[in-house]
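Q: So here's data_5.cif, just mmCIF, C-alpha atoms:
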```
data_run
loop_
_atom_site.label_atom_id
_atom_site.label_comp_id
_atom_site.auth_asym_id
_atom_site.auth_seq_id
_atom_site.Cartn_x
_atom_site.Cartn_y
_atom_site.Cartn_z
CA MET A 24 147.10 81.87 90.85
CA SER A 25 145.86 85.48 90.88
CA GLN A 26 145.70 87.45 94.11
CA LYS A 27 141.89 87.48 93.92
CA LYS A 28 141.63 83.68 93.62
CA LEU A 29 144.19 83.22 96.40
CA PHE A 30 142.15 85.52 98.64
CA LEU A 31 138.96 83.53 97.97
CA VAL A 32 140.71 80.24 98.76
CA VAL A 33 142.01 81.64 102.05
CA ILE A 34 138.50 82.85 102.98
CA ALA A 35 136.99 79.43 102.15
CA VAL A 36 139.58 77.52 104.17
CA SER A 37 139.18 79.91 107.10
CA THR A 38 135.40 79.52 107.00
CA VAL A 39 135.56 75.72 107.00
CA SER A 40 138.08 75.80 109.85
CA PHE A 41 135.84 78.15 111.83
CA LEU A 42 132.80 75.93 111.32
CA LEU A 43 134.66 72.79 112.36
CA HIS A 44 136.02 74.43 115.47
CA HIS A 45 132.87 76.33 116.51
CA GLY A 46 130.17 74.14 114.97
CA GLY A 47 128.69 73.25 118.34
CA HIS A 48 128.38 76.90 119.27
CA LEU A 49 127.42 78.46 115.96
CA ASN A 50 123.90 79.76 116.10
CA TRP A 51 121.33 78.54 113.61
CA THR A 52 120.95 81.95 111.98
CA MET A 53 124.53 82.00 110.73
CA ALA A 54 124.22 78.43 109.48
CA ALA A 55 121.07 79.34 107.59
CA PHE A 56 122.89 82.28 106.02
CA LEU A 57 125.59 79.96 104.73
CA ARG A 58 123.14 77.45 103.24
CA CYS A 59 120.56 79.88 101.82
CA SER A 60 122.05 82.53 99.61
CA THR A 61 118.80 84.55 99.69
CA LEU A 62 118.55 84.64 103.49
CA HIS A 63 119.45 87.96 105.07
CA SER A 64 117.81 89.91 107.86
CA HIS A 65 119.22 93.29 106.87
CA PRO A 66 120.26 94.83 103.58
CA SER A 67 123.94 94.92 102.72
CA PRO A 68 125.95 96.79 100.07
CA GLY A 69 125.19 95.50 96.61
CA LEU A 70 121.56 94.58 97.30
CA LYS A 71 118.79 96.31 95.40
CA PRO A 72 117.29 99.35 97.12
CA LYS A 73 113.91 98.94 98.74
CA HIS A 74 110.99 99.19 96.35
CA THR A 75 108.59 101.82 97.68
CA ASN A 76 105.86 102.20 95.04
CA VAL A 77 103.27 99.63 96.03
CA VAL A 78 99.54 99.11 95.56
CA PHE A 79 98.08 96.60 97.99
CA LEU A 80 94.49 95.75 97.12
CA LYS A 81 92.91 95.33 100.54
CA THR A 82 90.34 92.58 100.14
CA HIS A 83 87.71 91.86 102.82
CA LYS A 84 88.16 89.44 105.74
CA THR A 85 91.50 88.12 104.46
CA ALA A 86 93.99 89.37 107.12
CA SER A 87 94.31 92.49 104.96
CA THR A 88 94.03 94.85 107.95
CA THR A 89 97.16 93.28 109.41
CA MET A 90 98.88 93.82 106.07
CA GLN A 91 97.66 97.41 105.86
CA ASN A 92 99.10 98.18 109.29
CA LEU A 93 102.44 96.78 108.15
CA LEU A 94 102.40 99.06 105.10
CA PHE A 95 101.36 102.11 107.11
CA ARG A 96 104.32 101.59 109.44
CA PHE A 97 106.72 101.02 106.54
CA ALA A 98 105.56 104.28 104.96
CA GLU A 99 106.05 106.27 108.14
CA ARG A 100 109.49 104.77 108.78
CA ASN A 101 110.64 105.67 105.28
CA ASN A 102 108.91 109.06 105.02
CA LEU A 103 106.65 107.88 102.20
CA THR A 104 103.22 109.18 101.25
CA VAL A 105 100.21 106.88 101.57
CA ALA A 106 97.15 107.66 99.46
CA LEU A 107 94.22 108.10 101.85
CA PRO A 108 90.52 108.64 101.16
CA VAL A 109 88.83 112.03 101.08
CA GLN A 110 86.77 112.66 104.19
CA ALA A 111 83.50 112.01 102.35
CA CYS A 112 84.67 108.42 101.74
CA GLY A 113 85.47 107.62 105.38
CA HIS A 114 88.44 105.27 105.80
CA GLN A 115 87.81 103.46 102.49
CA PHE A 116 87.98 104.77 98.92
CA CYS A 117 84.19 105.16 98.72
CA TYR A 118 83.77 101.39 98.53
CA PRO A 119 81.84 99.74 96.92
CA SER A 120 82.11 102.31 94.12
CA SER A 121 84.83 101.56 91.57
CA PHE A 122 88.01 103.40 92.52
CA THR A 123 88.78 106.76 90.98
CA SER A 124 91.65 109.13 91.75
CA HIS A 125 89.05 111.72 92.82
CA PHE A 126 88.56 109.60 95.95
CA VAL A 127 92.13 110.37 97.08
CA HIS A 128 92.66 113.16 99.60
CA PRO A 129 94.71 115.90 97.88
CA HIS A 130 97.04 116.18 100.87
CA THR A 131 98.17 112.59 100.22
CA LEU A 132 99.31 113.16 96.65
CA PRO A 133 101.40 112.02 94.90
CA PRO A 134 101.44 108.68 96.74
CA HIS A 135 104.00 105.92 97.04
CA ILE A 136 101.62 103.42 98.64
CA VAL A 137 97.90 102.63 98.28
CA THR A 138 96.42 100.19 100.77
CA SER A 139 92.90 101.20 101.86
CA HIS A 140 89.79 99.27 100.83
CA MET A 141 88.62 99.91 97.28
CA ARG A 142 87.04 98.23 94.32
CA PHE A 143 89.98 97.71 92.00
CA ASN A 144 90.22 99.90 88.91
CA LYS A 145 93.48 99.32 87.04
CA ALA A 146 93.20 102.29 84.68
CA GLU A 147 92.63 104.79 87.52
CA LEU A 148 95.44 103.37 89.63
CA GLN A 149 97.85 103.45 86.69
CA ARG A 150 96.93 107.11 86.22
CA LEU A 151 97.69 107.78 89.88
CA MET A 152 100.81 105.67 90.47
CA PRO A 153 104.33 105.58 88.94
CA ASN A 154 105.06 103.10 86.14
CA ASP A 155 107.26 100.92 88.34
CA THR A 156 104.49 100.32 90.90
CA ILE A 157 104.21 96.73 92.13
CA TYR A 158 100.68 95.39 92.67
CA VAL A 159 99.97 92.95 95.51
CA THR A 160 96.79 91.53 97.01
CA ILE A 161 95.68 88.74 99.35
CA LEU A 162 93.07 85.97 99.14
CA ARG A 163 91.56 83.62 101.71
CA GLU A 164 89.99 80.18 101.47
CA PRO A 165 86.41 80.99 100.36
CA SER A 166 84.56 78.87 102.93
CA SER A 167 86.20 80.40 106.00
CA MET A 168 86.08 83.84 104.40
CA PHE A 169 82.35 83.63 103.69
CA GLU A 170 81.60 82.49 107.24
CA SER A 171 83.50 85.56 108.45
CA LEU A 172 81.66 87.86 106.05
CA PHE A 173 78.27 86.46 107.11
CA SER A 174 79.09 87.07 110.75
CA TYR A 175 80.76 90.47 110.35
CA TYR A 176 78.29 92.11 107.94
CA ASN A 177 75.10 90.46 109.15
CA GLN A 178 73.56 93.81 110.12
CA TYR A 179 74.68 95.70 107.00
CA CYS A 180 74.14 93.34 104.09
CA GLN A 181 70.41 92.99 103.41
CA SER A 182 70.95 89.60 101.78
CA PHE A 183 72.14 88.37 105.17
CA LYS A 184 69.85 90.47 107.32
CA ARG A 185 66.64 89.08 105.83
CA VAL A 186 67.61 85.46 106.63
CA PRO A 187 65.50 84.11 109.53
CA ASN A 188 67.45 83.91 112.79
CA GLY A 189 70.64 84.95 110.99
CA SER A 190 71.18 81.35 109.93
CA LEU A 191 74.09 80.68 107.61
CA GLU A 192 72.64 77.24 106.86
CA ALA A 193 69.31 78.78 105.82
CA PHE A 194 71.01 81.25 103.49
CA LEU A 195 73.07 78.54 101.79
CA ASP A 196 70.07 76.27 101.35
CA GLU A 197 68.36 78.93 99.22
CA PRO A 198 70.79 81.77 98.49
CA TRP A 199 68.78 83.19 95.59
CA ARG A 200 65.78 83.56 97.92
CA TYR A 201 67.66 86.13 100.02
CA TYR A 202 70.29 87.56 97.69
CA ARG A 203 69.59 90.77 95.72
CA SER A 204 72.44 91.66 93.39
CA GLU A 205 71.34 95.30 92.99
CA GLU A 206 71.52 96.15 96.71
CA LYS A 207 74.36 98.38 97.91
CA PHE A 208 76.17 95.82 100.06
CA SER A 209 75.33 92.72 98.03
CA MET A 210 79.04 92.18 97.28
CA TYR A 211 79.50 90.81 100.81
CA ALA A 212 77.11 87.97 99.97
CA HIS A 213 78.49 86.70 96.66
CA ASN A 214 82.01 86.30 95.24
CA THR A 215 83.42 89.13 97.37
CA MET A 216 87.05 88.68 96.33
CA THR A 217 86.04 88.76 92.67
CA PHE A 218 84.14 91.99 93.25
CA ASP A 219 87.03 93.61 95.14
CA LEU A 220 89.33 92.77 92.23
CA GLY A 221 86.98 94.57 89.85
CA GLY A 222 85.24 91.48 88.46
CA ASP A 223 81.60 90.61 87.88
CA LYS A 224 80.48 88.84 91.04
CA ASP A 225 77.23 87.69 89.41
CA ARG A 226 78.64 86.19 86.23
CA PRO A 227 77.09 82.68 85.93
CA ALA A 228 79.35 79.84 87.02
CA ARG A 229 78.84 78.17 83.66
CA ASP A 230 80.61 81.05 81.90
CA LYS A 231 84.06 79.42 81.98
CA THR A 232 85.46 81.78 79.35
CA TYR A 233 84.86 84.83 81.54
CA ALA A 234 86.26 83.14 84.64
CA GLN A 235 89.44 82.07 82.86
CA ALA A 236 89.98 85.50 81.31
CA PHE A 237 89.40 87.25 84.65
CA VAL A 238 91.86 85.05 86.53
CA ALA A 239 94.42 85.53 83.77
CA GLU A 240 94.04 89.32 84.01
CA VAL A 241 94.60 89.24 87.78
CA GLU A 242 97.72 87.18 87.16
CA ARG A 243 99.01 89.75 84.66
CA VAL A 244 98.45 92.73 86.94
CA PHE A 245 99.50 91.44 90.35
CA SER A 246 103.12 90.48 90.94
CA LEU A 247 102.16 88.68 94.14
CA VAL A 248 98.87 87.29 95.39
CA MET A 249 99.31 86.45 99.05
CA ILE A 250 97.34 83.67 100.74
CA ALA A 251 95.95 84.35 104.22
CA GLU A 252 96.37 80.75 105.39
CA TYR A 253 100.11 81.04 104.61
CA PHE A 254 100.58 84.62 105.74
CA ASP A 255 104.19 84.32 106.93
CA GLU A 256 105.27 82.45 103.82
CA SER A 257 103.56 85.11 101.72
CA LEU A 258 105.49 87.79 103.61
CA VAL A 259 108.75 86.05 102.75
CA LEU A 260 107.87 86.32 99.05
CA LEU A 261 106.82 89.95 99.53
CA ARG A 262 110.10 90.78 101.23
CA HIS A 263 112.13 89.36 98.37
CA LEU A 264 109.89 90.97 95.76
CA LEU A 265 110.31 94.42 97.33
CA SER A 266 113.88 93.99 98.71
CA TRP A 267 112.72 94.89 102.20
CA ASP A 268 114.32 94.18 105.59
CA LEU A 269 113.07 91.57 108.01
CA ASP A 270 112.01 94.41 110.34
CA ASP A 271 109.75 95.75 107.60
CA ILE A 272 107.43 92.74 107.73
CA LEU A 273 106.89 92.36 111.49
CA TYR A 274 103.24 92.40 112.52
CA VAL A 275 100.55 91.63 115.09
CA LYS A 276 97.25 90.08 113.98
CA LEU A 277 94.49 92.67 113.90
CA ASN A 278 90.71 92.87 113.51
CA MET A 279 90.02 89.38 114.85
CA ARG A 280 86.77 87.96 116.21
CA THR A 281 86.38 86.06 119.46
CA SER A 282 85.86 82.31 119.20
CA SER A 283 82.24 82.76 120.29
CA SER A 284 81.64 84.95 117.21
CA LYS A 285 82.78 82.20 114.85
CA GLN A 286 80.81 79.28 113.47
CA SER A 287 82.34 75.89 112.79
CA LEU A 288 81.78 74.69 109.24
CA THR A 289 80.83 71.13 108.38
CA PRO A 290 82.20 69.66 105.13
CA GLY A 291 78.70 69.95 103.66
CA LEU A 292 78.40 73.62 104.57
CA SER A 293 81.85 74.37 103.15
CA ALA A 294 80.88 72.67 99.91
CA LYS A 295 77.74 74.83 99.63
CA ILE A 296 79.78 77.99 100.23
CA ARG A 297 82.26 77.03 97.53
CA GLN A 298 79.47 76.25 95.09
CA TRP A 299 77.79 79.62 95.77
CA ASN A 300 81.11 81.49 95.41
CA SER A 301 82.53 79.60 92.45
CA LEU A 302 84.42 82.57 90.99
CA ASP A 303 86.18 83.18 94.31
CA VAL A 304 87.03 79.48 94.46
CA ARG A 305 88.61 79.62 91.02
CA LEU A 306 90.68 82.63 92.08
CA TYR A 307 91.80 81.07 95.33
CA ASP A 308 92.71 77.69 93.88
CA ARG A 309 94.77 79.26 91.09
CA PHE A 310 96.74 81.60 93.32
CA ASN A 311 97.19 79.16 96.16
CA ALA A 312 98.94 76.88 93.67
CA SER A 313 100.87 79.85 92.28
CA LEU A 314 102.08 80.80 95.77
CA TRP A 315 103.58 77.38 96.33
CA ARG A 316 105.30 77.41 92.94
CA GLN A 317 106.95 80.70 93.93
CA LEU A 318 107.92 79.34 97.34
CA SER A 319 109.40 76.23 95.75
CA ALA A 320 111.43 78.39 93.38
CA LEU A 321 112.87 80.24 96.38
CA GLY A 322 113.59 76.94 98.13
CA LEU A 323 111.16 75.54 100.71
CA ALA A 324 113.91 74.85 103.24
CA CYS A 325 115.17 78.40 102.99
CA VAL A 326 111.63 79.78 103.21
CA ALA A 327 111.06 77.77 106.39
CA LYS A 328 114.23 79.22 107.90
CA GLU A 329 113.19 82.73 106.96
CA VAL A 330 109.76 82.20 108.50
CA GLN A 331 111.53 81.08 111.67
CA LEU A 332 113.65 84.23 111.58
CA LEU A 333 110.49 86.31 111.20
CA ARG A 334 108.72 84.65 114.10
CA ARG A 335 111.72 85.00 116.41
CA ALA A 336 112.01 88.67 115.53
CA GLN A 337 108.30 89.10 116.28
CA GLU A 338 108.66 87.34 119.63
CA LYS A 339 111.45 89.75 120.54
CA LEU A 340 109.29 92.72 119.56
CA MET A 341 106.37 91.35 121.59
CA ARG A 342 108.59 91.08 124.67
CA THR A 343 109.64 94.69 124.18
CA CYS A 344 106.12 96.04 123.62
CA PHE A 345 104.15 93.92 126.07
CA GLY A 346 106.48 93.70 129.02
CA GLY A 347 107.89 90.24 128.44
CA SER A 348 104.63 88.51 127.59
CA THR A 349 102.58 87.90 124.49
CA PRO A 350 99.79 90.45 123.98
CA LEU A 351 96.45 89.54 125.52
CA LEU A 352 93.39 89.91 123.34
CA ARG A 353 90.81 92.19 124.91
CA SER A 354 87.27 93.21 124.07
CA ALA A 355 86.81 96.85 123.08
CA SER A 356 85.23 97.70 126.46
CA GLN A 357 88.33 96.42 128.27
CA ILE A 358 90.76 98.58 126.29
CA LYS A 359 91.48 101.79 128.17
CA ASN A 360 93.15 103.66 125.32
CA LYS A 361 90.45 104.84 122.89
CA GLU A 362 93.02 104.94 120.07
CA LEU A 363 93.30 101.17 120.37
CA ARG A 364 89.64 100.17 120.49
CA PRO A 365 88.61 98.30 117.33
CA TRP A 366 85.38 99.15 115.54
CA GLN A 367 82.46 96.85 116.38
CA PRO A 368 80.23 96.01 113.38
CA SER A 369 77.31 94.94 115.57
CA GLY A 370 76.36 93.67 118.98
CA LYS A 371 76.42 90.11 117.63
CA VAL A 372 80.13 90.17 116.79
CA ASP A 373 82.96 90.87 119.21
CA ILE A 374 86.08 92.25 117.51
CA VAL A 375 89.03 92.11 119.88
CA GLY A 376 92.15 94.22 120.10
CA TYR A 377 95.07 94.93 122.39
CA ASP A 378 96.09 97.37 125.08
CA LEU A 379 99.60 98.45 126.03
CA PRO A 380 100.83 97.78 129.59
CA GLY A 381 100.52 100.85 131.81
CA ASN A 382 104.21 100.77 132.71
CA LEU A 383 105.35 100.59 129.08
CA SER A 384 106.93 104.06 129.10
CA ARG A 385 109.52 103.04 131.67
CA GLY A 386 112.79 102.12 129.98
CA LEU A 387 111.56 102.61 126.41
CA SER A 388 112.45 105.41 124.04
CA SER A 389 109.62 107.52 122.63
CA SER A 390 110.21 106.03 119.17
CA THR A 391 109.93 102.47 120.50
CA ARG A 392 106.77 103.33 122.40
CA GLU A 393 105.28 104.84 119.25
CA LEU A 394 106.18 101.68 117.30
CA CYS A 395 104.41 99.54 119.89
CA LEU A 396 101.35 101.78 119.76
CA LYS A 397 101.16 101.80 115.95
CA LEU A 398 101.71 98.04 115.82
CA ILE A 399 98.32 97.42 117.46
CA MET A 400 96.42 100.51 116.31
CA PRO A 401 93.13 99.64 114.52
CA GLU A 402 92.55 100.64 110.91
CA ILE A 403 90.20 103.59 111.40
CA GLN A 404 92.31 105.30 114.06
CA TYR A 405 95.58 104.73 112.20
CA THR A 406 94.07 106.13 109.01
CA GLN A 407 93.07 109.29 110.88
CA VAL A 408 96.49 109.65 112.51
CA LEU A 409 98.24 109.17 109.18
CA LEU A 410 95.99 111.68 107.43
CA ARG A 411 96.73 114.30 110.06
CA SER A 412 100.49 113.81 109.85
CA GLN A 413 100.52 113.81 106.05
CA SER A 414 98.32 116.91 105.89
CA LEU A 415 100.73 118.75 108.16
CA ARG A 416 103.64 117.71 105.95
CA TYR A 417 101.72 118.76 102.84
CA ARG A 418 101.04 122.21 104.27
CA ARG A 419 104.64 122.69 105.35
CA ASN A 420 105.87 121.74 101.89
CA TYR A 421 103.25 123.96 100.30
CA GLN A 422 104.25 126.98 102.35
CA PHE A 423 107.92 126.29 101.65
CA ARG A 424 107.21 126.26 97.90
CA LEU A 425 105.49 129.63 98.19
CA GLY A 426 108.69 130.99 99.69
CA SER A 427 108.83 134.72 100.01
CA THR A 428 106.18 135.47 97.37
CA GLY A 429 104.12 136.99 100.16
CA ALA A 430 100.44 137.32 100.87
CA ASN A 431 99.86 139.16 97.61
CA ASN A 432 100.21 135.81 95.85
CA PRO A 433 96.65 134.45 95.36
CA LEU A 434 97.94 131.03 96.39
CA HIS A 435 99.43 132.27 99.66
CA PRO A 436 97.77 130.61 102.72
CA GLN A 437 96.54 134.01 103.94
CA ALA A 438 94.82 134.58 100.62
CA LEU A 439 93.11 131.18 100.59
CA ASP A 440 89.70 130.57 102.05
CA GLN A 441 90.38 129.78 105.69
CA ASP A 442 88.27 126.63 105.49
CA GLN A 443 90.07 125.25 102.48
CA GLY A 444 93.42 123.58 102.07
CA PRO A 445 95.86 124.43 99.28
CA PRO A 446 94.86 123.24 95.82
CA SER A 447 96.01 119.80 94.79
CA PRO A 448 98.60 119.58 92.01
CA TYR A 449 96.42 116.86 90.51
CA GLY A 450 93.46 119.17 89.99
CA LEU A 451 91.29 117.03 92.24
CA ILE A 452 88.68 118.21 94.71
CA ARG A 453 89.76 120.61 97.42
CA GLU A 454 89.33 119.20 100.88
CA PRO A 455 88.57 121.22 104.02
CA ARG A 456 91.47 121.65 106.39
CA ILE A 457 91.61 119.10 109.16
CA LYS A 458 90.76 120.69 112.45
#
```
Once you've parsed the file, please lay out its structure as structure tokens.
A:
Amino acid sequence: MSQKKLFLVVIAVSTVSFLLHHGGHLNWTMAAFLRCSTLHSHPSPGLKPKHTNVVFLKTHKTASTTMQNLLFRFAERNNLTVALPVQACGHQFCYPSSFTSHFVHPHTLPPHIVTSHMRFNKAELQRLMPNDTIYVTILREPSSMFESLFSYYNQYCQSFKRVPNGSLEAFLDEPWRYYRSEEKFSMYAHNTMTFDLGGDKDRPARDKTYAQAFVAEVERVFSLVMIAEYFDESLVLLRHLLSWDLDDILYVKLNMRTSSSKQSLTPGLSAKIRQWNSLDVRLYDRFNASLWRQLSALGLACVAKEVQLLRRAQEKLMRTCFGGSTPLLRSASQIKNKELRPWQPSGKVDIVGYDLPGNLSRGLSSSTRELCLKLIMPEIQYTQVLLRSQSLRYRRNYQFRLGSTGANNPLHPQALDQDQGPPSPYGLIREPRIK
């Protein structure tokens, strides 16, 4: 017997002996590691490096804000660049216009990660991103998603706004009476997920050929389509796809409505929503089934253990950030820190957020306190914070590249218009400096 084989036999015998002797005291995590070869909470030598070039198509009302926050934090932790919108676009890539690289702020180029709202445009994203970029998105069951859209955008989407008494039932009884496909925000009222993915939201339901071809194209482009109803399980697949750590996928739910802002759906109402949004239904049903095929391939028992690992890690983080208790949802008016107040779409909908305990700073390092703050920071504020930090980094790198060429160089900061930032290497629009 070779020395290598003898060594492996000794290790195996020692392991069995250890388990027999300490079985009653061995924690479940170690046992899970032994049974599930894919289960690990931290990378170890020999594992693939983390994949950092990612496009996450942020669809509407699908838990995508929670996912965006996760990606923002991953980018900051790993010193990656996130593509962010030019100031004229706000915090989205000029949605609902089809995405173009001209919507990207030049101080956030070249990017590793894209995760702000956009209407998907594969050709433009492929022009912007490296060839090894992995594409991910998320879908939600169309009935619950549409109810959320109707509530959230009731004061912005004219198709909803013109319905008497803001009645979801009235809209679904006669959707074509209220819906106008040419209006700016009509995508919130019909096949929204299809629109976000770059499809034709108004293609007739009877056009099966188009629907099949569109779903097949989404399947070709996106390596993973997450499902909001199985968010943790989707994160397990994401983690394995990207070779990330368990700590990389910790989250807190963001951008949620109060119970009083939600409407219960009867089976009949759900059926009407699904009929009206038939393209979204086709998408969801296909990728919900696909998700479970991928989970089964990984091993459902092992996935369940990994979900348990994730939830325990999140509970530990919550105890650290919220003083030993789970975070309490608060209305925007109750949140003292303005950086943590979520945007309110209208007076009819109450979007809740979180506040940090006043005594949080005691006993916590500055980095841990910043993690806790970023964990619950709403989308708009976090986008602004990230843009400021990336612009500062861009300017530092730009000045470093200029070196000692001096102010005589036409590209030297002193020679540039004081209201303009340095030119983008991509030849895109020049954005004003952030004050």
Q: Selected by the PyMOL selection byres ((chain A and resi 297) around 12) in the shown coordinates: which residues, as a PyMOL selection string?
A: chain A and resi 164-170+195+213-214+228+288+290-296+298-308
Q: Of the candidates A:Gln407, A:Gln115, A:Ser369, A:Ser287, which shows the shortest atom-to-atom distance to Lys81 (chain A), using only C-alpha atoms?
A: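 Residue with the minimum atom-to-atom distance to Lys81 (chain A): A:Gln115.
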Q: Identify the residues within 10 Å of coordinate (88.2, 105.9, 92.2) (same frame as the file), considering all atoms listed in the file, and give the answer as a list in words.
A: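 Collected hits near the coordinates: Pro108, Phe116, Cys117, Tyr118, Ser120, Ser121, Phe122, Thr123, Ser124, His125, Phe126, Val127, Met141, Arg142, Phe143, Asn144, Lys145, Ala146, Glu147, Leu148 and Leu151 of chain A.
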Q: Excluding Leu172 (chain A) and its own-chain neighbours fewer than 4 positions away, which residues fall within 7 Å of it when counting all atoms listed in the file? Please give them as JSON, numbers by chain.
A: {"A": [84, 168, 176, 211]}
Q: Give as a VMD selection string the residues that the PyMOL selection byres ((chain A and resi 352-364) around 10) matches when applied to the coordinates above.
A: chain A and resid 277 279 to 281 349 to 351 365 to 367 373 to 379 381 396 to 397 399 to 405 408
Q: Would you work out the distance separating CA of Phe237 (chain A) from CA of Thr215 (chain A), expressed in Å to one decimal?
A: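 So the answer is 14.2 Å.
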Q: For CA of Arg392 (chain A) and CA of Thr104 (chain A), determine how far apart the two atoms are, in Å to one decimal place.
A: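 Between CA of Arg392 (chain A) and CA of Thr104 (chain A) the gap is 22.2 Å.
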Q: Evaluate the PyMOL selection byres ((chain A and resi 329-332) around 7) against this structure - the residues, as a list in words, please.
A: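 Against this file, the PyMOL selection byres ((chain A and resi 329-332) around 7) returns the residues Leu62, Asp255, Glu256, Val259, Cys325, Val326, Ala327, Lys328, Leu333, Arg334, Arg335 and Ala336 of chain A.
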Q: Have a look at A:Gln235, A:Asp268, A:Glu197, A:Pro129 and name the one nearest to Tyr421 (chain A); count all atoms listed in the file.
A: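 When distances to Tyr421 (chain A) are compared using all atoms listed in the file, the smallest one comes from A:Pro129.
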Q: As a short mmCIF file (atom, residue, chain, number, x, y, z; two decimals) with C-alpha atoms, in the coordinates of the input, please: the residues near Gln413 (chain A) (cut-off 10 Å, all atoms listed in the file, same-chain neighbours under 5 positions excluded).
A:
```
data_model
loop_
_atom_site.label_atom_id
_atom_site.label_comp_id
_atom_site.auth_asym_id
_atom_site.auth_seq_id
_atom_site.Cartn_x
_atom_site.Cartn_y
_atom_site.Cartn_z
CA GLU A 99 106.05 106.27 108.14
CA ASN A 102 108.91 109.06 105.02
CA LEU A 103 106.65 107.88 102.20
CA THR A 104 103.22 109.18 101.25
CA VAL A 105 100.21 106.88 101.57
CA ALA A 106 97.15 107.66 99.46
CA LEU A 107 94.22 108.10 101.85
CA HIS A 130 97.04 116.18 100.87
CA THR A 131 98.17 112.59 100.22
CA LEU A 132 99.31 113.16 96.65
CA GLN A 407 93.07 109.29 110.88
CA VAL A 408 96.49 109.65 112.51
CA ARG A 418 101.04 122.21 104.27
CA ARG A 419 104.64 122.69 105.35
#
```
Q: In Å, how far is it from CA of Phe183 (chain A) to CA of Tyr202 (chain A)?
A: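 Computed distance, CA of Phe183 (chain A) to CA of Tyr202 (chain A), equals 7.7 Å.
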Q: Using all atoms listed in the file, which residue out of A:Tyr274, A:Phe208, A:Phe194, A:Tyr158 lies closest to Phe254 (chain A)?
A: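 Result for the nearest residue to Phe254 (chain A): A:Tyr274.
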Q: Kindly indicate which residue among A:Arg100, A:His83, A:Lys371, A:Arg416 lies nearest to Leu162 (chain A), using only C-alpha atoms for the distances.
A: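 Comparing A:Arg100, A:His83, A:Lys371, A:Arg416 against Leu162 (chain A), the winner is A:His83.
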Q: From the options A:Gln181, A:Gln110, A:Thr343, A:Gln337, which residue's atoms come nearest to Asp270 (chain A), counting only C-alpha atoms?
A: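 Of A:Gln181, A:Gln110, A:Thr343, A:Gln337, the one nearest Asp270 (chain A), counting only C-alpha atoms, is A:Gln337.
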Q: As lines of an AutoDock Vina configuration file, please report the centre and edge lengths, rounded to one decimal in Å, of the axis-aligned box that holds all listed atoms of region 275-285 of chain A with 8 Å of padding on each of the six sides.
A:
```
center_x = 91.1
center_y = 87.5
center_z = 116.9
size_x = 34.9
size_y = 26.7
size_z = 22.8
```
Q: If we count all atoms listed in the file and set the cut-off at 12 Å, which residues sit around Thr391 (chain A), ignoring sequence neighbours fewer than 3 positions away in its own chain? Please answer as an MDAnalysis selection string.
A: chainID A and resid 100 340:341 343:345 383:388 394:398
Q: Provide region 127-138 of chain A rebuilt to N, CA and C atoms, formatted as a CSV table (one decimal), keeping the file's coordinate frame.
A:
```
chain,number,residue,atom,x,y,z
A,127,VAL,N,90.9,110.2,96.3
A,127,VAL,CA,92.1,110.4,97.1
A,127,VAL,C,92.2,111.8,97.7
A,128,HIS,N,92.5,111.9,98.9
A,128,HIS,CA,92.7,113.2,99.6
A,128,HIS,C,93.8,113.9,99.0
A,129,PRO,N,93.6,115.2,98.6
A,129,PRO,CA,94.7,115.9,97.9
A,129,PRO,C,96.0,116.1,98.7
A,130,HIS,N,95.9,116.0,100.0
A,130,HIS,CA,97.0,116.2,100.9
A,130,HIS,C,97.9,114.9,100.9
A,131,THR,N,97.4,113.8,100.2
A,131,THR,CA,98.2,112.6,100.2
A,131,THR,C,98.6,112.3,98.8
A,132,LEU,N,98.9,113.3,98.0
A,132,LEU,CA,99.3,113.2,96.6
A,132,LEU,C,100.7,113.8,96.5
A,133,PRO,N,101.5,113.3,95.6
A,133,PRO,CA,101.4,112.0,94.9
A,133,PRO,C,101.8,110.9,95.8
A,134,PRO,N,101.2,109.8,95.8
A,134,PRO,CA,101.4,108.7,96.7
A,134,PRO,C,102.5,107.7,96.3
A,135,HIS,N,103.1,107.1,97.3
A,135,HIS,CA,104.0,105.9,97.0
A,135,HIS,C,103.2,104.6,97.2
A,136,ILE,N,102.3,104.6,98.2
A,136,ILE,CA,101.6,103.4,98.6
A,136,ILE,C,100.1,103.7,98.7
A,137,VAL,N,99.4,102.7,98.2
A,137,VAL,CA,97.9,102.6,98.3
A,137,VAL,C,97.5,101.3,99.0
A,138,THR,N,96.7,101.4,100.0
A,138,THR,CA,96.4,100.2,100.8
A,138,THR,C,95.1,100.2,101.5
```
